[in-house]
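The block underneath contains the structure these notes are about, expressed in structure tokens.
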Amino acid sequence: MVLLAAAVCTKAGKAIVSRQFVEMTRTRVEGLLAAFPKLMNTGKQHTFVETESVRYVYQPLEKLYMVLITTKNSNILEDLETLRLFSRVIPEYCRVLEESEISEHCFDLIFAFDEIVALGYRENVNLAQIRTFTEMDSHEEKVFRAVRETQEREAKAEMRRKAKELQQARRDAERAGKKTPGFGGFGSSGISSGNSAAVIQDTLIEPEKPKPAPAPARPSGPSKALKLGARGKEVDDFVDKLKSEGENIIMPSTGKRPSEVSKALPAPVNTESVHLRVEEKITLTCGRDGGLQNMEILGMVTLRVADDKNGRIRIALNNNDKRGVQLQTHPNVDKKLFTSEAVIGLKNPDKSFPLNSDVGVLKWRLQTTDESLIPLTINCWPSESGTGCDVNIEYELQEESLELNDVVITIPIPSGVGAPVIGDLDGEYRHDSRRNVLEWCLPVVDVKNKTGSLEFSIAGQPNDFFPVTVSFVSKSNYCDIQVLKVTQVEGDTPVRFSTETSFVVDKYEIL
């Protein structure tokens with residue numbers, strides 16, 4: 001078959017996008033498409049019409065038409081198969097079959113049309129191949145770029161190494177009392193070639209054995225040389241200036257930021273051959289005006305057995321939760337035994353727990369929208385003033401049985417307005433100008449320290465200080481599920497065990 005053109009047009013014959021596969025003028029294409037609606041016979045189910053010179057093969061697309069213009073001697077069956085492929089390509093790029101959407105993705109459609117037909121003849125491709133070809137995702141190109149980036153990094157590293165070698169050679173030459181090799185231009189007065197060669201040879205070949213030279217006389221004026229192991233006065237002045245501007249400076253010796261430290265508790269140093277981890281994660285989203293949108297706590301008891309003698313054991317738990325937590329045991333755990341006696345044991349008592357691997361034996365889930373169950377409430381009140389905003393933020397520990405450590409309340413602040421002016425403060429704060437946040441750091445929040453507040457002023461709007469995020473860790477869990485004892489299956493003999501309890505934040509936001 002010879003396909004002259006493929007076009008998407010309106011019912012009035014207006015061309016939206018058209019691709020010609022042979023040489024045709026724009027006037028001829030527009031004339032053929034304008035004549036197309038007049039040739040269709042209403043009430044008949046034909047999908048093609050013919051004139052004296054060309055054939056129109058078409059398919060309705062809601063308010064549009066997909067039209068192929070072919071020669072009269074082309075194979076009509078192949079034309080219809082090609083038309084179906086064209087009609088399937090259009091929805092791949094256009095969400096709705098409307099004129100504005102077709103015009104917006106006209107070039108994507110033209111690229112796809114070119115993959116179907118070349119020089120008027122159908123290519124042997126399907127829809128998946130067309131999608132791959134138009135994406136132009138080349139594995140070879142990715143490999144080439146990766147190799148080139150690696151070569152660039154290696155070249156930069158080699159350049160830095162050579163520069164260090166030249167600097168070291170220059171310093172060795174200066175210690176030996178020799179002149180540093182110079183590079184003279186045309187007509188410039190440099191050192192002679194013989195002396196230059198001798199200096200370079202001595203410097204690069206024998207840098208370890210410099211000739212002894214008398215120590216230079218110490219100048220009478222003040223020295224500006226660097227002193228190793230001592231902080232310069234300029235650094236102290238700069239730090240003092242930052243502190244006077246309101247920056248809370250943390251020296252490198254303090255280690256990580258509180259927000260990084262509070263992500264996980266350190267693992268216990270001494271563990272027994274039977275070790276159990278009771279872990280909980282909280283996901284909470286609150287509204288700034290009150291109202292708990294969602295609170296979900298996921299917990300798990302993980303068992304690790306390191307001694308084959310303690311493989312056949314049972315674990316007695318104490319569940320003091322009164323909030324309606326949903327419990328679920330491992331499929332290999334005896335569910336009837338757990339339901340009746342709150343004891344975790346295998347269905348087959350003759351089998352042992354896996355050695356040296358963490359096995360989750362029990363997990364639970366608590367999901368609620370009850371505001372009284374929020375462990376730590378945050379109340380942020382930004383109020384506009386004549387110079388910006390006065391922000392009052394306070395916390396309250398509602399779950400008094402918890403002890404929260406490394407609590408960090410992060411408040412976003414506007415960028416480019418300087419540091420906030422801190423008023424009343426419980427705990428410590430840190431202004432991170434790079435991240436544009438104010439971190440309110442509280443080492444411990446417990447029943448003795450259940451409330452606290454922070455006040456600061458800064459330029460901005462009330463919406464600039466949300467969302468407020470909270471992070472903390474705790475060595476006691478929220479749902480109060482504890483391990484009581486571990487015993488052998490045979491004889492009910494007690495087994496020494498160690499436990500590790502953690503309650504951490506997955507997401508805690510006030511929107």
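Naming works like this for the structure tokens: A, B, ... for the chains as they're shown, residue 1 at the start of each chain, ligands 1 onward in shown order.
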Quick one: residues within 12 Å of Glu99 of chain A, only C-alpha atoms counted, chain neighbours fewer than 4 positions away excluded, as an mmCIF file with N, CA, C and O atoms, in the first residue's frame?
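Once everything was written out, this is selection.cif:
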```
data_model
loop_
_atom_site.group_PDB
_atom_site.id
_atom_site.type_symbol
_atom_site.label_atom_id
_atom_site.label_comp_id
_atom_site.auth_asym_id
_atom_site.auth_seq_id
_atom_site.Cartn_x
_atom_site.Cartn_y
_atom_site.Cartn_z
ATOM 1 N N VAL A 8 -5.593 13.913 11.852
ATOM 2 C CA VAL A 8 -6.694 13.989 12.802
ATOM 3 C C VAL A 8 -7.410 15.298 12.506
ATOM 4 O O VAL A 8 -6.799 16.378 12.571
ATOM 5 N N CYS A 9 -8.695 15.206 12.186
ATOM 6 C CA CYS A 9 -9.430 16.405 11.786
ATOM 7 C C CYS A 9 -10.773 16.437 12.486
ATOM 8 O O CYS A 9 -11.241 15.448 13.074
ATOM 9 N N THR A 10 -11.409 17.584 12.425
ATOM 10 C CA THR A 10 -12.746 17.742 12.994
ATOM 11 C C THR A 10 -13.786 17.218 12.007
ATOM 12 O O THR A 10 -13.471 16.869 10.866
ATOM 13 N N LYS A 11 -15.047 17.183 12.445
ATOM 14 C CA LYS A 11 -16.105 16.726 11.551
ATOM 15 C C LYS A 11 -16.356 17.685 10.404
ATOM 16 O O LYS A 11 -16.951 17.303 9.396
ATOM 17 N N LYS A 14 -11.535 20.346 9.348
ATOM 18 C CA LYS A 14 -10.406 21.168 9.752
ATOM 19 C C LYS A 14 -9.288 20.275 10.279
ATOM 20 O O LYS A 14 -9.484 19.466 11.182
ATOM 21 N N ALA A 15 -8.105 20.413 9.712
ATOM 22 C CA ALA A 15 -6.970 19.579 10.112
ATOM 23 C C ALA A 15 -6.388 20.087 11.431
ATOM 24 O O ALA A 15 -6.041 21.267 11.556
ATOM 25 N N ILE A 16 -6.304 19.189 12.410
ATOM 26 C CA ILE A 16 -5.661 19.533 13.695
ATOM 27 C C ILE A 16 -4.192 19.158 13.651
ATOM 28 O O ILE A 16 -3.320 19.952 14.006
ATOM 29 N N VAL A 17 -3.903 17.932 13.224
ATOM 30 C CA VAL A 17 -2.525 17.506 13.022
ATOM 31 C C VAL A 17 -2.522 16.577 11.810
ATOM 32 O O VAL A 17 -3.408 15.743 11.640
ATOM 33 N N LEU A 61 -13.529 9.333 16.211
ATOM 34 C CA LEU A 61 -12.954 9.430 17.559
ATOM 35 C C LEU A 61 -13.759 10.486 18.311
ATOM 36 O O LEU A 61 -13.355 11.652 18.385
ATOM 37 N N GLU A 62 -14.939 10.084 18.820
ATOM 38 C CA GLU A 62 -15.853 11.006 19.480
ATOM 39 C C GLU A 62 -16.208 12.149 18.523
ATOM 40 O O GLU A 62 -16.862 11.939 17.516
ATOM 41 N N LYS A 63 -15.709 13.376 18.770
ATOM 42 C CA LYS A 63 -16.034 14.515 17.914
ATOM 43 C C LYS A 63 -15.023 14.711 16.791
ATOM 44 O O LYS A 63 -15.108 15.691 16.049
ATOM 45 N N LEU A 64 -14.049 13.809 16.663
ATOM 46 C CA LEU A 64 -12.985 13.951 15.676
ATOM 47 C C LEU A 64 -12.988 12.733 14.749
ATOM 48 O O LEU A 64 -13.723 11.765 14.950
ATOM 49 N N TYR A 65 -12.113 12.793 13.737
ATOM 50 C CA TYR A 65 -11.917 11.687 12.818
ATOM 51 C C TYR A 65 -10.422 11.414 12.693
ATOM 52 O O TYR A 65 -9.598 12.346 12.611
ATOM 53 N N CYS A 94 -2.832 11.356 24.532
ATOM 54 C CA CYS A 94 -3.879 12.340 24.829
ATOM 55 C C CYS A 94 -4.869 11.731 25.825
ATOM 56 O O CYS A 94 -5.418 10.650 25.582
ATOM 57 N N ARG A 95 -5.074 12.421 26.939
ATOM 58 C CA ARG A 95 -5.991 11.914 27.958
ATOM 59 C C ARG A 95 -7.439 11.953 27.475
ATOM 60 O O ARG A 95 -8.210 11.043 27.760
ATOM 61 N N SER A 103 -3.880 19.217 19.888
ATOM 62 C CA SER A 103 -2.931 20.276 19.519
ATOM 63 C C SER A 103 -1.765 20.347 20.499
ATOM 64 O O SER A 103 -0.626 20.614 20.109
ATOM 65 N N GLU A 104 -2.038 20.093 21.775
ATOM 66 C CA GLU A 104 -0.977 20.178 22.783
ATOM 67 C C GLU A 104 0.064 19.080 22.600
ATOM 68 O O GLU A 104 1.248 19.290 22.843
ATOM 69 N N HIS A 105 -0.369 17.897 22.134
ATOM 70 C CA HIS A 105 0.548 16.763 21.967
ATOM 71 C C HIS A 105 0.773 16.447 20.494
ATOM 72 O O HIS A 105 1.011 15.291 20.129
ATOM 73 N N CYS A 106 0.741 17.466 19.651
ATOM 74 C CA CYS A 106 0.839 17.221 18.209
ATOM 75 C C CYS A 106 2.189 16.621 17.821
ATOM 76 O O CYS A 106 2.259 15.695 17.003
#
```
With only C-alpha atoms as the counted atoms, please give the residues lying no more than 9 Å from Glu403 of chain A, apart from itself and same-chain residues fewer than 4 positions off, as a PDB file with N, CA and C atoms, in the first residue's frame.
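Okay, this is what ended up in around.pdb:
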```
ATOM      1  N   GLU A 399       0.180  11.324  77.794  1.00  0.00           N
ATOM      2  CA  GLU A 399       0.407   9.962  78.273  1.00  0.00           C
ATOM      3  C   GLU A 399       1.516  10.011  79.325  1.00  0.00           C
ATOM      4  N   VAL A 444      14.512  15.672  77.816  1.00  0.00           N
ATOM      5  CA  VAL A 444      13.582  14.726  78.435  1.00  0.00           C
ATOM      6  C   VAL A 444      12.228  15.417  78.609  1.00  0.00           C
ATOM      7  N   VAL A 445      11.158  14.676  78.283  1.00  0.00           N
ATOM      8  CA  VAL A 445       9.797  15.108  78.577  1.00  0.00           C
ATOM      9  C   VAL A 445       9.126  13.948  79.316  1.00  0.00           C
ATOM     10  N   ASP A 446       8.792  14.165  80.577  1.00  0.00           N
ATOM     11  CA  ASP A 446       8.151  13.131  81.380  1.00  0.00           C
ATOM     12  C   ASP A 446       7.116  13.788  82.284  1.00  0.00           C
ATOM     13  N   VAL A 447       6.640  13.047  83.282  1.00  0.00           N
ATOM     14  CA  VAL A 447       5.596  13.552  84.152  1.00  0.00           C
ATOM     15  C   VAL A 447       6.073  14.741  84.973  1.00  0.00           C
ATOM     16  N   VAL A 473      12.309   9.672  70.918  1.00  0.00           N
ATOM     17  CA  VAL A 473      12.474   8.246  71.172  1.00  0.00           C
ATOM     18  C   VAL A 473      12.097   7.997  72.617  1.00  0.00           C
ATOM     19  N   SER A 474      11.718   6.751  72.896  1.00  0.00           N
ATOM     20  CA  SER A 474      11.350   6.387  74.256  1.00  0.00           C
ATOM     21  C   SER A 474      11.756   4.943  74.500  1.00  0.00           C
ATOM     22  N   LYS A 475      12.143   4.657  75.749  1.00  0.00           N
ATOM     23  CA  LYS A 475      12.511   3.301  76.141  1.00  0.00           C
ATOM     24  C   LYS A 475      11.331   2.541  76.729  1.00  0.00           C
ATOM     25  N   SER A 476      10.152   3.108  76.672  1.00  0.00           N
ATOM     26  CA  SER A 476       8.938   2.416  77.087  1.00  0.00           C
ATOM     27  C   SER A 476       7.920   2.513  75.964  1.00  0.00           C
TER      28      SER A 476
END
```
Excluding Gly427 of chain A and residues on its chain fewer than 2 positions from it, collect all residues at most 10 Å away from it, counting only C-alpha atoms, and give them as a list in words.
Asp424, Leu425, Tyr429, Trp440, Cys441, Leu442, Pro443, Val444, Gly452, Ser453 and Leu454 of chain A
Give me the residues near segment 111-125 of chain A as a ChimeraX atom specification, where near means some atom within 9 Å (using only C-alpha atoms) and where sequence neighbours in that chain fewer than 3 positions away do not count.
/A:1-6,19-22,70,78,82,85-86,89-90,106-108,128-131,133-134
Taking only C-alpha atoms into account, which of A:Glu509, A:Glu384, A:Asp426, A:Glu396 comes nearest Gln461 of chain A?
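Of A:Glu509, A:Glu384, A:Asp426, A:Glu396, the one nearest Gln461 of chain A, counting only C-alpha atoms, is A:Glu384.
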Nearest to Asp406 of chain A among A:Val505, A:Val333, A:Ala7, A:Val343, with distances taken over only C-alpha atoms: which residue is it?
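Among A:Val505, A:Val333, A:Ala7, A:Val343, it is A:Val505 that comes nearest to Asp406 of chain A.
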What gap, in Å, lies between atom CA of Phe472 of chain A and atom CA of Ile409 of chain A?
8.9 Å
Students should find that atom CA of Leu317 of chain A and atom CA of Arg304 of chain A are spaced 16.2 Å
Residue nearest Gln367 of chain A among A:Val305, A:Leu284, A:Val29, A:Cys380 (counting only C-alpha atoms)
A:Leu284
Among segment 302-452 of chain A, which residues does DSSP mark as strand (DSSP E or B) when it is run on the backbone? Keep the chain and numbering as in the structure and answer as number ranges by chain.
A: 302-305, 313-319, 326-329, 333, 343-344, 346, 355, 359-368, 376-384, 389-397, 404-412, 421-425, 428-432, 437-445, 451-452
For the residues in that selection, give me C-alpha atoms as an mmCIF file, in the first residue's frame.
```cif
data_model
loop_
_atom_site.group_PDB
_atom_site.id
_atom_site.type_symbol
_atom_site.label_atom_id
_atom_site.label_comp_id
_atom_site.auth_asym_id
_atom_site.auth_seq_id
_atom_site.Cartn_x
_atom_site.Cartn_y
_atom_site.Cartn_z
ATOM 1 C CA THR A 302 11.019 -9.710 67.512
ATOM 2 C CA LEU A 303 12.805 -12.791 68.872
ATOM 3 C CA ARG A 304 16.443 -13.735 68.352
ATOM 4 C CA VAL A 305 17.828 -17.019 69.669
ATOM 5 C CA ILE A 313 10.910 -21.980 74.354
ATOM 6 C CA ARG A 314 7.703 -20.185 75.204
ATOM 7 C CA ILE A 315 7.316 -16.460 75.870
ATOM 8 C CA ALA A 316 4.803 -15.159 78.396
ATOM 9 C CA LEU A 317 3.483 -11.649 77.773
ATOM 10 C CA ASN A 318 1.571 -9.144 79.866
ATOM 11 C CA ASN A 319 -0.935 -7.072 77.877
ATOM 12 C CA GLN A 326 -5.466 -5.351 67.383
ATOM 13 C CA LEU A 327 -3.049 -8.252 67.939
ATOM 14 C CA GLN A 328 -1.794 -10.709 65.318
ATOM 15 C CA THR A 329 0.576 -13.642 65.837
ATOM 16 C CA VAL A 333 2.649 -19.540 66.509
ATOM 17 C CA VAL A 343 1.890 -17.187 75.765
ATOM 18 C CA ILE A 344 3.801 -17.321 72.484
ATOM 19 C CA LEU A 346 5.163 -22.773 68.215
ATOM 20 C CA LEU A 355 18.942 -19.588 65.272
ATOM 21 C CA VAL A 359 11.838 -13.503 63.846
ATOM 22 C CA GLY A 360 8.711 -11.402 64.320
ATOM 23 C CA VAL A 361 6.412 -13.447 66.565
ATOM 24 C CA LEU A 362 3.737 -10.852 67.394
ATOM 25 C CA LYS A 363 2.599 -7.584 65.913
ATOM 26 C CA TRP A 364 -0.159 -5.142 66.770
ATOM 27 C CA ARG A 365 -1.889 -2.092 65.361
ATOM 28 C CA LEU A 366 -3.786 0.769 66.949
ATOM 29 C CA GLN A 367 -5.576 3.305 64.766
ATOM 30 C CA THR A 368 -7.741 6.061 66.201
ATOM 31 C CA LEU A 376 2.297 14.609 73.051
ATOM 32 C CA THR A 377 0.081 17.522 72.019
ATOM 33 C CA ILE A 378 1.559 20.546 70.226
ATOM 34 C CA ASN A 379 -0.219 23.906 70.176
ATOM 35 C CA CYS A 380 1.238 26.531 67.805
ATOM 36 C CA TRP A 381 -0.277 30.054 67.846
ATOM 37 C CA PRO A 382 1.191 32.524 65.327
ATOM 38 C CA SER A 383 -0.329 35.999 65.626
ATOM 39 C CA GLU A 384 0.421 38.894 63.303
ATOM 40 C CA CYS A 389 4.536 37.480 63.663
ATOM 41 C CA ASP A 390 4.674 36.581 67.354
ATOM 42 C CA VAL A 391 4.662 32.797 67.633
ATOM 43 C CA ASN A 392 3.742 30.966 70.841
ATOM 44 C CA ILE A 393 4.166 27.194 70.826
ATOM 45 C CA GLU A 394 3.650 24.800 73.715
ATOM 46 C CA TYR A 395 3.666 21.075 74.320
ATOM 47 C CA GLU A 396 1.874 18.856 76.819
ATOM 48 C CA LEU A 397 2.535 15.202 77.642
ATOM 49 C CA LEU A 404 10.284 10.823 75.865
ATOM 50 C CA ASN A 405 13.958 11.440 75.163
ATOM 51 C CA ASP A 406 15.659 13.705 72.616
ATOM 52 C CA VAL A 407 12.442 15.519 71.713
ATOM 53 C CA VAL A 408 12.896 17.870 68.754
ATOM 54 C CA ILE A 409 10.031 20.115 67.639
ATOM 55 C CA THR A 410 10.835 21.615 64.223
ATOM 56 C CA ILE A 411 9.092 24.845 63.171
ATOM 57 C CA PRO A 412 9.597 26.155 59.603
ATOM 58 C CA VAL A 421 14.092 36.817 68.361
ATOM 59 C CA ILE A 422 13.622 34.302 71.164
ATOM 60 C CA GLY A 423 11.510 35.216 74.200
ATOM 61 C CA ASP A 424 10.509 32.707 76.872
ATOM 62 C CA LEU A 425 12.071 29.292 76.357
ATOM 63 C CA GLU A 428 17.210 24.742 74.097
ATOM 64 C CA TYR A 429 16.810 25.929 70.527
ATOM 65 C CA ARG A 430 18.797 25.836 67.310
ATOM 66 C CA HIS A 431 18.269 28.052 64.263
ATOM 67 C CA ASP A 432 19.264 26.310 61.033
ATOM 68 C CA VAL A 437 13.842 25.875 60.431
ATOM 69 C CA LEU A 438 13.880 26.516 64.177
ATOM 70 C CA GLU A 439 14.504 23.368 66.221
ATOM 71 C CA TRP A 440 13.219 23.331 69.794
ATOM 72 C CA CYS A 441 15.250 20.674 71.610
ATOM 73 C CA LEU A 442 14.134 19.042 74.879
ATOM 74 C CA PRO A 443 16.371 16.317 76.350
ATOM 75 C CA VAL A 444 13.582 14.726 78.435
ATOM 76 C CA VAL A 445 9.797 15.108 78.577
ATOM 77 C CA THR A 451 4.530 21.021 79.754
ATOM 78 C CA GLY A 452 6.707 23.706 78.233
#
```
Mind checking which residues fall within 9 Å of segment 479-496 of chain A, counting only C-alpha atoms, ignoring those fewer than 6 positions away in the same chain, and posting them as a list of chain:residue names?
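Everything that qualifies: A:Glu272, A:Ser273, A:Val274, A:Leu276, A:Val278, A:Glu280, A:Ile297, A:Gly299, A:Asn310, A:Gly311, A:Arg312, A:Ile313, A:Arg314, A:Ile315, A:Ala316, A:Leu317, A:Asn318, A:Asn319, A:Asn320, A:Asp321, A:Lys322, A:Arg323, A:Val325, A:Gly345, A:Pro349, A:Asp350, A:Leu366.
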